[in-house]
Structure formats: C-alpha cells, structure tokens
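Everything below concerns the one structure shown next.
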Amino acid sequence: MNDEDITDIQATITGPAGTPYAGGMFRVKLALGKDFPSAPPKGYFLTKIFHPNVASNGEICVNTLKKDWKADLGIRHVLLVIKCLLIVPNAESALNEEAGKLLLEAYDDYAARAKMITEIHAQGPKVAKGETSGEGSNQDGPLAKKHASDKKISADRKKLLKDKKRTLKRL
C-alpha cells in the first residue's frame with residue numbers, strides 16, 4: 001500500500017515454476033478507480049515482461065479485470081488471477097500480438113523469448129549463500145565475505161546479461 005495514495009497498490013509476484021517466468025520477481029500495480037469495488041481495478045506490470053496478455057505499457061488484459069469482475073472479489077483474488085495468467089496465457093485476447101502469435105505458432109520460441117526477458121528484467125535481489133531475505137532476515141548482522149571468485153562470477157553474469165540484451169535488440 002502507498003501511504004500517500006491508497007488507490008495505488010503494488011505487489012511482487014514470483015514467476016511460477018515450470019513456466020518461462022520461473023525465478024522472476026515481477027512488480028505489479030493495481031490502480032483502484034473511484035468506483036472501486038463496483039468497478040475493477042486496472043492492472044499493470046511494472047517489470048518488463050514478454051506475455052500475450054500484457055501490453056508494452058504493462059497493462060494487463062484478463063477477464064477478471066474486465067467483464068468477469070464482481071464487487072466481492074478482493075485484491076488477493078486479482079493477484080492470484082494475474083499469477084495464473086503467467087501459467088496459462090490467453091493468446092485469443094492478446095495485447096502483445098507478437099507474443100500471442102509465437103505462443104500459438106512456435107511455443108518453444110515464445111518460451112525462450114519470455115525466459116530471456118525474465119532473466120534480464122525480473123531478477124530479484126541476490127542473496128549470499130547462508131543468508132535469508134524477507135521479513136525474518138537480520139539486515140544489521142554481519143555480511144558474508146567477498147571472495148575473488150565472486151567478482152569473476154559477477155563479471156561473467158554481467159557479460160551474459162549484456163549478450164542477452166544484444167540478442168534481444170536484434171529480435
């Protein structure tokens with residue numbers, strides 16, 4: 001919840017296992033209109049994603065946020081529906097025509113592209129081995145020592161991401 005604007009709700013959705021979005025951390029925004037809960041919220045991905053039901057501006061197209069909206073559906077339900085959309089995209093109501101066409105005609109190409117975009121744009125904060133993240137972690141405690149090999153791994157990862165971005169620009 002945004003303390004300054006209660007109509008602006010943001011959440012993080014983890015990419016479901018077994019999908020091209022697995023391992024990704026996707027920030028989403030629900031904008032509640034003045035008619036909420038009579039009218040559905042508008043949903044947006046703030047994290048870049050390659051998905052048939054997500055427009056280039058991040059707008060989400062799902063029936064729950066359109067014709068199937070009911071006033072008794074809560075925010076939690078809407079977020080679950082968005083997560084389900086990552087598992088089962090609907091190419092028939094595509095806002096991203098390219099993703100919809102690939103999903104229907106060349107699933108492997110669609111999955112590879114979605115996975116690459118996820119790896120580039122939806123990676124969550126890195127956590128060192130032995131540490132935890134989240135509410136229960138101790139942010140004031142000692143940090144793991146960095147080793148020379150960590151720098152090499154980090155440099156290799158940066159190079160890999162740079163290569164993926166170059167490949168993506170060619171597409």
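Residues are referred to by chain and number: the chain letter is A, B, ... according to the order shown in the structure tokens, the number counts from 1 in that chain, and ligands are numbered separately from 1 in the order shown.
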(request) Identify, on the basis of only C-alpha atoms, every residue whose closest approach to segment 37-45 of chain A does not exceed 10 Å; exclude the query and any residue fewer than 5 positions from it along the same chain; express the result as JSON, numbers by chain. (result) {"A": [7, 8, 9, 10, 11, 12, 13, 26, 27, 28, 29, 30, 31, 32, 54, 55, 56, 57, 58, 59, 60, 61, 62, 64, 65, 66, 67, 68, 69, 70, 71, 72, 73, 74, 75, 78, 79, 82]}
Segment 91-93 of chain A environment, 8 Å, only C-alpha atoms, sequence neighbours closer than 3 positions dropped, as a short mmCIF file (atom, residue, chain, number, x, y, z; two decimals) with C-alpha atoms, in the first residue's frame:
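Written out: out-v1.cif:
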data_model
loop_
_atom_site.label_atom_id
_atom_site.label_comp_id
_atom_site.auth_asym_id
_atom_site.auth_seq_id
_atom_site.Cartn_x
_atom_site.Cartn_y
_atom_site.Cartn_z
CA PRO A 52 0.49 -12.12 -24.79
CA ASN A 53 -1.85 -10.54 -22.25
CA CYS A 61 -5.74 -7.94 -20.07
CA ALA A 99 3.78 -12.86 -28.08
CA GLY A 100 0.31 -14.20 -28.88
CA LYS A 101 1.35 -15.32 -32.35
CA LEU A 103 2.54 -18.73 -28.28
CA LEU A 104 0.17 -20.25 -30.83
#
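Secondary structure by DSSP on the backbone puts the following residues of segment 25-117 of chain A in strand (DSSP E or B): Met25, Phe26, Arg27, Val28, Lys29, Leu30, Ala31, Lys42, Gly43, Tyr44, Phe45, Val54, Glu59 and Ile60 of chain A.
Close contacts of Gly15 of chain A, defined as residues with an atom at most 12 Å away when counting only C-alpha atoms, with chain neighbours fewer than 5 positions off set aside, comprise Pro20, Tyr21, Ala22, Gly23, Gly24, Met25, Phe26, Arg27, Thr47, Ile49, Leu80, Ile82, Lys83, Cys84, Leu85, Leu86, Ile87, Ala114, Lys115, Thr118, Glu119, Ala122, Gln123 and Gly124 of chain A.
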(request) Using DSSP on the backbone, list every residue of segment 4-120 of chain A that comes out as helix (DSSP H, G or I), and give them as a PyMOL selection string. (result) chain A and resi 63-65+75-87+91-93+97-105+107-120
